[in-house]
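Structure first, then comments.
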Amino acid sequence: MSSGFSISFAKKCIVVTGGNRGIGYALSRAVAQAGANVAIIYRSSKDAPEVAEKLSKEFNVKSKAYKCDVSDTDLVNKTLKQIDEELGPISGLIANAGVSVPKPALDLTHDDFKTVFDVNVFGVFNTARAVAKLWLERKQQGSIVITSSMSSQIINKSAEATPLAQVFYNASKAAVSNLTKGLAAEWSSQGIRVNAVSPGYVNTDQTSHMEKKIRDFQARSLPLGRFAEPHEITGQALLLLSDHASYMTGGEYFVDGGHLIW
Ligand code: NDP
């Protein structure tokens with residue numbers, strides 16, 4: 001029996017930052033599968049154009065990769081306008097690009113701080129503002145989904161009960177979860193919804209650097225007993241992008257295998 005619940009983004013255009021690999025790629029693929037034209041924003045991966053082309057062919061949608069550092073305001077504004085003209089009008093943004101600098105606190109530098117906060121906080125703000133500007137100018141409604149992290153709430157520990165070295169990363173995710181509320185508050189009355197999806201551990205390049213001992217300990221500690229695969233994060237993001245979430249804004253939704261239970 002059909003539940004009658006389905007999500008379609010046919011004739012829509014969704015922008016995914018960091019959409020060429022990891023969680024971002026799973027998100028790009030999921031929105032393409034739901035019928036959207038997909039603009040993939042990436043920083044330096046050479047195969048990003050091929051990734052976009054593959055999605056176009058697989059799902060018969062328009063998909064293109066745009067090389068753009070999300071922390072560069074002029075470039076972000078220019079790129080979002082270009083996407084709007086080529087694949088748009090843009091109807092949704094997934095601000096997903098993120099970086100981490102895993103070092104003990106005593107070794108961290110001001111440059112490390114800038115590396116993390118320029119992408120994870122300012123980069124999210126930059127892309128969200130560029131899209132909102134386009135929408136506000138033409139009185140268009142839209143939905144922005146930000147990839148935050150369970151790290152906005154907690155500090156992860158190793159098997160020896162010492163904290164994992166992620167001080168700036170954790171702080172940046174706490175900041176971006178609060179930024180989500182601030183932007184939602186500013187733009188909700190104009191029909192722009194802003195929400196965050198906060199994954200737990202996901203098998204991507206970002207977690208591949210973890211020592212096996214730490215990975216195994218973390219996985220064993222989780223109520224669901226394993227890390228997520230990237231596609232398991234997509235359902236919540238698609239829901240928030242869609243009109244099914246028309247009464248949801250300013251929220252942070254955890255997809256963390258139960259991590260925050262204990
Ligand atoms: P990956 O390290 O696999 O991919 C990072 C992506 O971000 C790449 O596409 C990269 O582009 C892009 N990117 C990085 N910096 C910039 C920049 N300055 N401008 C444009 N694009 C940039 O990350 P994940 O898939 O693991 O993570 C995606 C998001 O999910 C991040 O925000 C991360 O913090 C968050 N997250 C991840 C978790 C995990 O366990 N993996 C858990 C919780 C949250 P390029 O390929 O060109 O370098």
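Lettering and numbering for the structure tokens are positional, with chains as A, B, ... in the shown order, residues counted from 1 in each chain, and ligands counted from 1 in the shown order.
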
Pick out the residues sitting within 9 Å of Val15 (chain A), and hand them over as a ChimeraX atom specification; count only C-alpha atoms, and ignore anything fewer than 2 positions along from it in its own chain.
/A:13,17,19,28,37-41,80,83,90-95

Within 7 Å of ligand 1, which residues show up when you count only C-alpha atoms and all ligand atoms? List them as number ranges by chain, please.
A: 17-24, 41-45, 68-71, 96-100, 119-120, 123, 147-150, 198-207

Store the residues picked out above, limited to N, CA and C atoms, as a tab-separated table (two decimals), in the first residue's frame.
chain	number	residue	atom	x	y	z
A	17	THR	N	26.92	22.72	-1.66
A	17	THR	CA	28.35	23.04	-1.51
A	17	THR	C	29.07	21.80	-0.97
A	18	GLY	N	30.27	21.56	-1.48
A	18	GLY	CA	30.96	20.31	-1.13
A	18	GLY	C	30.18	19.11	-1.66
A	19	GLY	N	29.50	19.32	-2.80
A	19	GLY	CA	28.59	18.29	-3.32
A	19	GLY	C	29.26	17.22	-4.17
A	20	ASN	N	30.57	17.27	-4.28
A	20	ASN	CA	31.28	16.34	-5.16
A	20	ASN	C	31.74	15.06	-4.47
A	21	ARG	N	31.79	15.08	-3.13
A	21	ARG	CA	32.23	13.85	-2.44
A	21	ARG	C	31.62	13.76	-1.04
A	22	GLY	N	31.77	12.59	-0.43
A	22	GLY	CA	31.30	12.39	0.93
A	22	GLY	C	29.79	12.59	1.08
A	23	ILE	N	29.41	13.21	2.20
A	23	ILE	CA	27.99	13.43	2.47
A	23	ILE	C	27.39	14.33	1.38
A	24	GLY	N	28.17	15.32	0.94
A	24	GLY	CA	27.68	16.24	-0.09
A	24	GLY	C	27.33	15.52	-1.38
A	41	ILE	N	29.06	22.77	-5.84
A	41	ILE	CA	30.17	23.69	-5.57
A	41	ILE	C	31.28	22.91	-4.89
A	42	TYR	N	32.50	23.08	-5.42
A	42	TYR	CA	33.66	22.38	-4.85
A	42	TYR	C	34.82	23.35	-4.76
A	43	ARG	N	35.86	22.93	-4.04
A	43	ARG	CA	37.01	23.83	-3.88
A	43	ARG	C	38.15	23.48	-4.83
A	44	SER	N	38.57	22.19	-4.87
A	44	SER	CA	39.75	21.88	-5.66
A	44	SER	C	39.77	20.48	-6.30
A	45	SER	N	38.83	19.61	-5.95
A	45	SER	CA	38.87	18.24	-6.49
A	45	SER	C	38.72	18.25	-8.01
A	68	CYS	N	34.52	26.99	-6.59
A	68	CYS	CA	34.27	28.23	-5.85
A	68	CYS	C	34.59	28.02	-4.38
A	69	ASP	N	35.51	28.83	-3.86
A	69	ASP	CA	35.81	28.75	-2.43
A	69	ASP	C	34.69	29.47	-1.68
A	70	VAL	N	33.98	28.74	-0.83
A	70	VAL	CA	32.80	29.33	-0.17
A	70	VAL	C	33.14	30.49	0.77
A	71	SER	N	34.43	30.65	1.09
A	71	SER	CA	34.79	31.75	1.98
A	71	SER	C	35.09	33.05	1.21
A	96	ASN	N	26.89	22.61	2.78
A	96	ASN	CA	27.43	21.38	3.37
A	96	ASN	C	28.96	21.38	3.51
A	97	ALA	N	29.66	22.21	2.71
A	97	ALA	CA	31.13	22.16	2.71
A	97	ALA	C	31.66	22.40	4.12
A	98	GLY	N	32.62	21.59	4.53
A	98	GLY	CA	33.19	21.76	5.86
A	98	GLY	C	34.58	21.16	5.93
A	99	VAL	N	35.39	21.68	6.85
A	99	VAL	CA	36.75	21.16	7.03
A	99	VAL	C	37.05	21.01	8.52
A	100	SER	N	38.07	20.21	8.81
A	100	SER	CA	38.50	20.13	10.21
A	100	SER	C	40.03	20.15	10.27
A	119	VAL	N	35.51	28.42	6.52
A	119	VAL	CA	34.68	27.52	5.71
A	119	VAL	C	33.40	27.15	6.48
A	120	ASN	N	33.56	26.65	7.70
A	120	ASN	CA	32.43	26.05	8.43
A	120	ASN	C	31.40	27.08	8.90
A	123	GLY	N	31.76	30.55	5.46
A	123	GLY	CA	31.41	29.98	4.14
A	123	GLY	C	29.92	29.63	4.06
A	147	THR	N	24.63	21.72	6.80
A	147	THR	CA	25.18	20.53	7.46
A	147	THR	C	26.01	20.99	8.65
A	148	SER	N	25.48	20.78	9.85
A	148	SER	CA	26.25	21.07	11.06
A	148	SER	C	26.87	19.75	11.53
A	149	SER	N	26.77	19.41	12.79
A	149	SER	CA	27.34	18.16	13.31
A	149	SER	C	26.84	17.94	14.73
A	150	MET	N	26.84	16.67	15.14
A	150	MET	CA	26.55	16.39	16.55
A	150	MET	C	27.57	17.10	17.44
A	198	SER	N	22.38	17.64	11.57
A	198	SER	CA	23.62	17.39	12.30
A	198	SER	C	23.93	15.89	12.34
A	199	PRO	N	24.83	15.45	11.45
A	199	PRO	CA	25.17	14.02	11.44
A	199	PRO	C	26.05	13.64	12.62
A	200	GLY	N	25.98	12.34	12.96
A	200	GLY	CA	27.00	11.74	13.82
A	200	GLY	C	28.15	11.30	12.92
A	201	TYR	N	28.86	10.24	13.34
A	201	TYR	CA	29.99	9.77	12.52
A	201	TYR	C	29.51	9.18	11.20
A	202	VAL	N	30.14	9.63	10.09
A	202	VAL	CA	29.78	9.14	8.75
A	202	VAL	C	31.06	8.69	8.06
A	203	ASN	N	30.99	7.59	7.34
A	203	ASN	CA	32.16	7.09	6.61
A	203	ASN	C	32.46	7.96	5.39
A	204	THR	N	33.39	8.92	5.55
A	204	THR	CA	33.82	9.79	4.44
A	204	THR	C	35.32	10.04	4.61
A	205	ASP	N	35.89	10.86	3.70
A	205	ASP	CA	37.31	11.19	3.82
A	205	ASP	C	37.62	11.85	5.17
A	206	GLN	N	36.62	12.61	5.68
A	206	GLN	CA	36.86	13.34	6.94
A	206	GLN	C	37.10	12.40	8.12
A	207	THR	N	36.47	11.22	8.10
A	207	THR	CA	36.65	10.28	9.23
A	207	THR	C	37.70	9.21	8.91

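Using only C-alpha atoms, the protein and nucleic acid residues lying no more than 7 Å from region 33-36 of chain A, apart from those fewer than 2 places from it along its own chain, are Ile7, Ser8, Phe9, Ala10, Lys11, Lys12, Cys13, Ile14, Arg29, Ala30, Val31, Val38, Phe59 and Val61 of chain A.
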
So, counting only C-alpha atoms, which residue among A:Arg138, A:Lys181, A:Lys173, A:Lys212 is closest to Phe117 (chain A)?
A:Lys173

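The closest residue to Ser189 (chain A), picked from A:Ser56, A:Asn126, A:Gln140, A:Ser208 and counting only C-alpha atoms, is A:Gln140.
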
Please indicate the distance in Å from CA of Ala196 (chain A) to CA of Ile155 (chain A), rounded to one decimal place.
18.7 Å
